[in-house]
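Structure first, then comments.
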Amino acid sequence: MKGKSEVRAMLRPGVYKQIAPVLFGSKMAAQAGKKAKELGVGRLLLVCDEGIRQTGMDSKMEHILKESGLIVTTWYGVQTDCPDGTVEEAVRIIGENHIDGVLGLGGGSVLDTAKVIAAAAANGLEILGEVLEYLSGAKSYAHHPLPLILMPTTTGTGSESTFVAVVTSSALDAKVGLPCAADCAIVDPELTMSVPPFVTAFTGLDALSHANEALAEKKNTPHSDLLAFEVVRLIKTYLPAAVADGSDREAREHLAFASNLAGIAFNESGVHIGHACAHALGHLYHVPHGVCCANLTPAVIELQARAYPEKMKRLGLIMGAKISTDEPGEIGKKAADAVRAFAKELGIPSLNEQGFTEAQILEALPIVLNDPLGYAYDGQITEEEIRFILKRAYRGSYGGN
Ligand SMILES: [Fe+2]
């Protein structure tokens with residue numbers, strides 16, 4: 001057991017990271033043109049999707065950018081989970097129009113796609129076939145990616161403050177990470193006001209899963225813990241309010257802050273087995289990422305309580321669990337129950353309610369076994385543990401193993 005008392009324990013050594021400046025707050029979107037100019041951009045590709053076009057945020061952003069003297073081309077070709085083939089078209093448009101900078105405006109898939117476009121436009125589409133080499137550090141980019149600004153319109157991804165983009169690789173037939181970080185993040189809570197209740201709920205639980213997994217990934221530090229626990233507190237406090245009333249500006253603002261903090265926490269520490277399972281299930285069945293994470297997080301908490309009982313006790317107490325024991329198994333179940341009840345209250349359907357069978361969920365097992373992300377957990381991961389997580393996520397209760 002690690003550090004009986006957090007107050008008396010020695011601090012764990014680690015690296016504290018902040019990869020790009022974050023402009024946070026209402027009306028910060030208006031700074032986008034100025035920031036692009038500061039980065040030396042003259043011709044910019046605005047990356048978004050059909051959902052953003054329907055909100056009209058794309059034309060408002062074009063107006064802001066053009067007022068700063070930028071020449072703007074808008075591309076709406078983003079697809080969920082960034083299939084690598086989708087970036088080809090964007091890279092061609094960049095070449096044809098002599099574009100020298102990229103701005104991603106949207107949810108996680110848009111931000112990740114914008115990252116991949118910035119890296120591929122500078123280094124060629126070949127990098128998409130060598131994603132694992134770049135992620136492992138075996139290869140590094142010959143050219144710095146194009147200047148990149150990321151502006152989230154949902155409160156879950158944290159991608160604006162992480163060094164990696166999740167891409168669906170056609171060569172590997174799996175979701176994998178390609179390294180690329182923004183030069184500037186603009187987190188304006190006003191951009192999140194129109195997100196519908198269900199999306200607000202599952203993206204918020206994605207941010208909660210980032211914080212939870214950051215607490216027990218191998219690179220966790222006292223600094224990432226500090227951010228992660230604050231994320232848990234903010235999401236517990238404000239997510240129900242934003243789901244109940246999307247126009248609650250105070251709740252939206254705190255969730256935008258929490259999502260970004262969670263991104264910083266897991267960029268410094270990391271996510272691990274929960275996200276390995278979520279990526280596999282998302283790839284197999286196209287369940288929204290946040291819905292996967294919401295179903296997996298209670299099981300991950302149970303697992304993490306074995307290696308980090310004090311942290312999971314603290315997380316459980318923040319989530320409203322009554323925990324008086326120091327026994328890791330009991331802490332795990334009580335903290336997991338609190339998060340499971342929270343997700344249910346927010347209307348997240350269980351995997352069972354979505355019509356899956358346990359056998360279908362267990363089909364993720366061989367994919368997860370081959371995903372290095374799972375082994376980033378700072379505790380034991382065996383086939384047994386992965387099966388435990390998938391089964392627990394499916395059953396959502398403590399019957400059987
Ligand atoms: Fe996530």
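By order of appearance in the structure tokens: chains A, B, ..., then residues from 1 within every chain, and ligands from 1 in the order shown.
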What are the closest atom pairs, with distances in Å to one decimal, for all residues of chain A lying within 10 Å of ligand 1? Consider only C-alpha atoms and all ligand atoms, order rows by chain and residue number, and present the result as JSON lines.
```
{"residue": "A:Gly108", "atom": "CA", "partner": "ligand 1", "partner_atom_place_in_ligand_line": "1 (Fe)", "distance": 8.7}
{"residue": "A:Gly156", "atom": "CA", "partner": "ligand 1", "partner_atom_place_in_ligand_line": "1 (Fe)", "distance": 7.2}
{"residue": "A:Thr157", "atom": "CA", "partner": "ligand 1", "partner_atom_place_in_ligand_line": "1 (Fe)", "distance": 6.0}
{"residue": "A:Gly158", "atom": "CA", "partner": "ligand 1", "partner_atom_place_in_ligand_line": "1 (Fe)", "distance": 8.1}
{"residue": "A:Ser159", "atom": "CA", "partner": "ligand 1", "partner_atom_place_in_ligand_line": "1 (Fe)", "distance": 8.9}
{"residue": "A:Val166", "atom": "CA", "partner": "ligand 1", "partner_atom_place_in_ligand_line": "1 (Fe)", "distance": 9.5}
{"residue": "A:Thr203", "atom": "CA", "partner": "ligand 1", "partner_atom_place_in_ligand_line": "1 (Fe)", "distance": 8.3}
{"residue": "A:Gly204", "atom": "CA", "partner": "ligand 1", "partner_atom_place_in_ligand_line": "1 (Fe)", "distance": 9.8}
{"residue": "A:Leu205", "atom": "CA", "partner": "ligand 1", "partner_atom_place_in_ligand_line": "1 (Fe)", "distance": 8.7}
{"residue": "A:Asp206", "atom": "CA", "partner": "ligand 1", "partner_atom_place_in_ligand_line": "1 (Fe)", "distance": 4.9}
{"residue": "A:Ala207", "atom": "CA", "partner": "ligand 1", "partner_atom_place_in_ligand_line": "1 (Fe)", "distance": 6.6}
{"residue": "A:Leu208", "atom": "CA", "partner": "ligand 1", "partner_atom_place_in_ligand_line": "1 (Fe)", "distance": 8.7}
{"residue": "A:Ser209", "atom": "CA", "partner": "ligand 1", "partner_atom_place_in_ligand_line": "1 (Fe)", "distance": 6.7}
{"residue": "A:His210", "atom": "CA", "partner": "ligand 1", "partner_atom_place_in_ligand_line": "1 (Fe)", "distance": 5.9}
{"residue": "A:Ala211", "atom": "CA", "partner": "ligand 1", "partner_atom_place_in_ligand_line": "1 (Fe)", "distance": 9.7}
{"residue": "A:Glu213", "atom": "CA", "partner": "ligand 1", "partner_atom_place_in_ligand_line": "1 (Fe)", "distance": 9.8}
{"residue": "A:Ala262", "atom": "CA", "partner": "ligand 1", "partner_atom_place_in_ligand_line": "1 (Fe)", "distance": 9.8}
{"residue": "A:Gly263", "atom": "CA", "partner": "ligand 1", "partner_atom_place_in_ligand_line": "1 (Fe)", "distance": 9.1}
{"residue": "A:Phe266", "atom": "CA", "partner": "ligand 1", "partner_atom_place_in_ligand_line": "1 (Fe)", "distance": 9.6}
{"residue": "A:Val271", "atom": "CA", "partner": "ligand 1", "partner_atom_place_in_ligand_line": "1 (Fe)", "distance": 8.0}
{"residue": "A:Gly274", "atom": "CA", "partner": "ligand 1", "partner_atom_place_in_ligand_line": "1 (Fe)", "distance": 8.8}
{"residue": "A:His275", "atom": "CA", "partner": "ligand 1", "partner_atom_place_in_ligand_line": "1 (Fe)", "distance": 6.4}
{"residue": "A:Ala276", "atom": "CA", "partner": "ligand 1", "partner_atom_place_in_ligand_line": "1 (Fe)", "distance": 9.8}
{"residue": "A:Ala278", "atom": "CA", "partner": "ligand 1", "partner_atom_place_in_ligand_line": "1 (Fe)", "distance": 8.0}
{"residue": "A:His279", "atom": "CA", "partner": "ligand 1", "partner_atom_place_in_ligand_line": "1 (Fe)", "distance": 8.7}
{"residue": "A:His289", "atom": "CA", "partner": "ligand 1", "partner_atom_place_in_ligand_line": "1 (Fe)", "distance": 6.5}
{"residue": "A:Gly290", "atom": "CA", "partner": "ligand 1", "partner_atom_place_in_ligand_line": "1 (Fe)", "distance": 6.5}
{"residue": "A:Val291", "atom": "CA", "partner": "ligand 1", "partner_atom_place_in_ligand_line": "1 (Fe)", "distance": 9.9}
{"residue": "A:Cys292", "atom": "CA", "partner": "ligand 1", "partner_atom_place_in_ligand_line": "1 (Fe)", "distance": 9.0}
{"residue": "A:Cys293", "atom": "CA", "partner": "ligand 1", "partner_atom_place_in_ligand_line": "1 (Fe)", "distance": 6.8}
{"residue": "A:Ala294", "atom": "CA", "partner": "ligand 1", "partner_atom_place_in_ligand_line": "1 (Fe)", "distance": 9.8}
```
Write the residues of the selection above to a file with N, CA, C and O atoms, as a short mmCIF file (atom, residue, chain, number, x, y, z; two decimals), in the first residue's frame.
```
data_model
loop_
_atom_site.label_atom_id
_atom_site.label_comp_id
_atom_site.auth_asym_id
_atom_site.auth_seq_id
_atom_site.Cartn_x
_atom_site.Cartn_y
_atom_site.Cartn_z
N GLY A 108 -14.06 16.91 -29.44
CA GLY A 108 -12.81 16.15 -29.44
C GLY A 108 -12.36 15.70 -30.81
O GLY A 108 -11.18 15.80 -31.15
N GLY A 156 -15.27 18.14 -22.41
CA GLY A 156 -14.87 16.79 -22.06
C GLY A 156 -13.49 16.43 -22.56
O GLY A 156 -12.68 15.87 -21.83
N THR A 157 -13.20 16.78 -23.80
CA THR A 157 -12.00 16.25 -24.45
C THR A 157 -10.68 16.63 -23.78
O THR A 157 -9.81 15.80 -23.57
N GLY A 158 -10.50 17.90 -23.47
CA GLY A 158 -9.21 18.35 -22.95
C GLY A 158 -8.12 18.34 -24.01
O GLY A 158 -6.97 18.69 -23.74
N SER A 159 -8.47 17.96 -25.24
CA SER A 159 -7.47 17.78 -26.31
C SER A 159 -6.68 19.06 -26.59
O SER A 159 -5.54 19.00 -27.05
N VAL A 166 -6.18 11.44 -30.96
CA VAL A 166 -6.65 10.06 -31.16
C VAL A 166 -7.14 9.94 -32.61
O VAL A 166 -8.00 10.69 -33.06
N THR A 203 -19.87 14.04 -22.14
CA THR A 203 -18.56 14.68 -22.25
C THR A 203 -18.03 15.03 -20.86
O THR A 203 -16.83 14.91 -20.60
N GLY A 204 -18.91 15.44 -19.96
CA GLY A 204 -18.48 15.73 -18.58
C GLY A 204 -17.92 14.49 -17.91
O GLY A 204 -16.95 14.55 -17.15
N LEU A 205 -18.54 13.34 -18.19
CA LEU A 205 -18.04 12.10 -17.58
C LEU A 205 -16.75 11.64 -18.25
O LEU A 205 -15.94 10.95 -17.62
N ASP A 206 -16.53 12.04 -19.48
CA ASP A 206 -15.23 11.79 -20.11
C ASP A 206 -14.15 12.56 -19.34
O ASP A 206 -13.10 12.01 -18.99
N ALA A 207 -14.43 13.84 -19.04
CA ALA A 207 -13.46 14.64 -18.27
C ALA A 207 -13.22 14.02 -16.89
O ALA A 207 -12.08 13.97 -16.41
N LEU A 208 -14.29 13.51 -16.28
CA LEU A 208 -14.14 12.85 -14.97
C LEU A 208 -13.23 11.62 -15.11
O LEU A 208 -12.38 11.35 -14.25
N SER A 209 -13.39 10.89 -16.20
CA SER A 209 -12.55 9.69 -16.41
C SER A 209 -11.09 10.08 -16.64
O SER A 209 -10.19 9.36 -16.21
N HIS A 210 -10.85 11.22 -17.28
CA HIS A 210 -9.46 11.69 -17.45
C HIS A 210 -8.83 11.96 -16.08
O HIS A 210 -7.70 11.59 -15.81
N ALA A 211 -9.60 12.65 -15.22
CA ALA A 211 -9.09 12.98 -13.89
C ALA A 211 -8.85 11.69 -13.09
O ALA A 211 -7.80 11.52 -12.47
N GLU A 213 -8.32 8.54 -14.11
CA GLU A 213 -7.20 7.72 -14.58
C GLU A 213 -5.85 8.42 -14.36
O GLU A 213 -4.84 7.76 -14.09
N ALA A 262 -8.50 18.90 -16.58
CA ALA A 262 -8.35 17.45 -16.73
C ALA A 262 -7.40 17.13 -17.88
O ALA A 262 -6.59 16.21 -17.79
N GLY A 263 -7.49 17.91 -18.96
CA GLY A 263 -6.57 17.71 -20.08
C GLY A 263 -5.13 17.93 -19.64
O GLY A 263 -4.23 17.14 -19.98
N PHE A 266 -4.04 14.96 -17.43
CA PHE A 266 -3.72 13.67 -18.07
C PHE A 266 -2.66 13.82 -19.16
O PHE A 266 -2.07 12.83 -19.60
N VAL A 271 -3.83 8.72 -19.18
CA VAL A 271 -4.96 7.82 -19.00
C VAL A 271 -4.43 6.42 -19.29
O VAL A 271 -3.35 6.26 -19.84
N GLY A 274 -8.79 2.33 -18.57
CA GLY A 274 -10.16 2.75 -18.89
C GLY A 274 -10.26 3.24 -20.32
O GLY A 274 -11.20 2.92 -21.06
N HIS A 275 -9.25 4.03 -20.74
CA HIS A 275 -9.28 4.54 -22.10
C HIS A 275 -8.91 3.48 -23.13
O HIS A 275 -9.40 3.52 -24.26
N ALA A 276 -8.05 2.55 -22.74
CA ALA A 276 -7.76 1.44 -23.67
C ALA A 276 -9.06 0.67 -23.96
O ALA A 276 -9.37 0.33 -25.11
N ALA A 278 -12.17 1.89 -23.53
CA ALA A 278 -13.12 2.80 -24.21
C ALA A 278 -12.79 2.91 -25.69
O ALA A 278 -13.69 2.94 -26.54
N HIS A 279 -11.50 2.98 -26.01
CA HIS A 279 -11.12 3.06 -27.44
C HIS A 279 -11.52 1.78 -28.17
O HIS A 279 -12.01 1.82 -29.30
N HIS A 289 -17.57 8.15 -27.14
CA HIS A 289 -16.44 7.94 -26.22
C HIS A 289 -16.82 8.19 -24.76
O HIS A 289 -16.49 7.40 -23.87
N GLY A 290 -17.53 9.29 -24.51
CA GLY A 290 -17.88 9.63 -23.13
C GLY A 290 -18.84 8.61 -22.51
O GLY A 290 -18.80 8.38 -21.29
N VAL A 291 -19.69 8.01 -23.33
CA VAL A 291 -20.61 6.97 -22.81
C VAL A 291 -19.81 5.73 -22.41
O VAL A 291 -20.06 5.11 -21.37
N CYS A 292 -18.82 5.38 -23.23
CA CYS A 292 -17.92 4.26 -22.87
C CYS A 292 -17.23 4.57 -21.55
O CYS A 292 -17.21 3.73 -20.63
N CYS A 293 -16.65 5.76 -21.45
CA CYS A 293 -15.90 6.13 -20.24
C CYS A 293 -16.79 6.12 -19.01
O CYS A 293 -16.38 5.66 -17.94
N ALA A 294 -18.02 6.62 -19.16
CA ALA A 294 -18.94 6.67 -18.02
C ALA A 294 -19.22 5.26 -17.49
O ALA A 294 -19.32 5.04 -16.28
#
```
* To do: Just the residues within 8 Å of Phe229 of chain A, please, counting only C-alpha atoms, with nothing from its chain fewer than 3 positions along; format it as JSON, numbers by chain.
  => {"A": [211, 225, 226, 232, 233, 315]}
Let me see the file: selected residues, N, CA, C and O atoms, as a compact mmCIF listing (two decimals), in the first residue's frame.
```
# COMPACT_ATOMS: atom_id res chain seq x y z
N ALA A 211 -9.60 12.65 -15.22
CA ALA A 211 -9.09 12.98 -13.89
C ALA A 211 -8.85 11.69 -13.09
O ALA A 211 -7.80 11.52 -12.47
N ASP A 225 -2.25 15.26 -9.46
CA ASP A 225 -3.28 14.89 -8.47
C ASP A 225 -4.10 16.12 -8.07
O ASP A 225 -5.33 16.07 -7.97
N LEU A 226 -3.39 17.21 -7.83
CA LEU A 226 -4.06 18.45 -7.40
C LEU A 226 -5.11 18.87 -8.42
O LEU A 226 -6.25 19.20 -8.08
N VAL A 232 -12.63 16.57 -10.28
CA VAL A 232 -13.70 15.72 -9.73
C VAL A 232 -14.70 16.59 -8.95
O VAL A 232 -15.92 16.48 -9.11
N ARG A 233 -14.17 17.50 -8.14
CA ARG A 233 -15.05 18.38 -7.34
C ARG A 233 -15.92 19.27 -8.25
O ARG A 233 -17.12 19.40 -8.04
N LEU A 315 -11.48 10.47 -3.68
CA LEU A 315 -12.36 10.67 -4.84
C LEU A 315 -13.81 10.28 -4.48
O LEU A 315 -14.76 11.00 -4.79
```
* **Option closest in space to Gln31 of chain A, from A:Cys48, A:Ile186, A:Cys180, A:Leu303 [counting only C-alpha atoms]** =>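 When distances to Gln31 of chain A are compared using only C-alpha atoms, the smallest one comes from A:Ile186.
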Spatial neighbours of segment 336-344 of chain A, max dist 6 Å, only C-alpha atoms, sep filter under 6 positions, as a short mmCIF file (atom, residue, chain, number, x, y, z; two decimals) with N, CA, C and O atoms, in the first residue's frame:
```cif
data_model
loop_
_atom_site.label_atom_id
_atom_site.label_comp_id
_atom_site.auth_asym_id
_atom_site.auth_seq_id
_atom_site.Cartn_x
_atom_site.Cartn_y
_atom_site.Cartn_z
N PRO A 298 -16.41 3.39 -13.10
CA PRO A 298 -16.58 2.72 -11.80
C PRO A 298 -15.68 1.48 -11.67
O PRO A 298 -15.08 1.25 -10.61
N ILE A 301 -12.14 2.54 -11.08
CA ILE A 301 -11.98 2.99 -9.68
C ILE A 301 -11.74 1.79 -8.77
O ILE A 301 -10.85 1.81 -7.91
N MET A 319 -17.26 12.51 -4.38
CA MET A 319 -18.44 12.13 -5.17
C MET A 319 -19.66 11.81 -4.30
O MET A 319 -20.71 11.41 -4.80
N ALA A 321 -19.79 9.57 -1.61
CA ALA A 321 -19.86 8.26 -0.95
C ALA A 321 -19.58 8.42 0.54
O ALA A 321 -18.87 9.33 0.95
#
```
* **Those in segment 81-254 of chain A with strand (DSSP E or B) from DSSP, as number ranges by chain** => A: 83, 101-106, 148-152, 164-169, 174-179, 184-187, 217
* From the list A:Gly42, A:Pro21, A:Pro179, A:Gly33, which residue is nearest Leu128 of chain A when using only C-alpha atoms? -> A:Pro179
Residues of segment 275-363 of chain A at most 12 Å from segment 76-91 of chain A: nearest atom pair and distance in Å, only C-alpha atoms, as a tab-separated table:
```
residue	atom	partner	partner_atom	distance
A:His279	CA	A:Asp81	CA	9.5
A:Ala280	CA	A:Asp81	CA	11.9
A:Gly282	CA	A:Asp81	CA	8.7
A:His283	CA	A:Asp81	CA	8.6
A:His286	CA	A:Thr80	CA	9.0
A:Val287	CA	A:Thr80	CA	10.6
A:Pro288	CA	A:Thr80	CA	9.0
A:His289	CA	A:Asp81	CA	8.8
```
* Proximity to Ala214 of chain A - best of A:Met61, A:Leu261, A:Leu346, A:Ile117, only C-alpha atoms ->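 Comparing A:Met61, A:Leu261, A:Leu346, A:Ile117 against Ala214 of chain A, the winner is A:Leu261.
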* Which residue gives the smallest distance to Tyr285 of chain A among A:Ala299, A:Ala216, A:Leu234, A:Ala364, with only C-alpha atoms counted? ->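 Selected residue with least distance to Tyr285 of chain A: A:Ala364.
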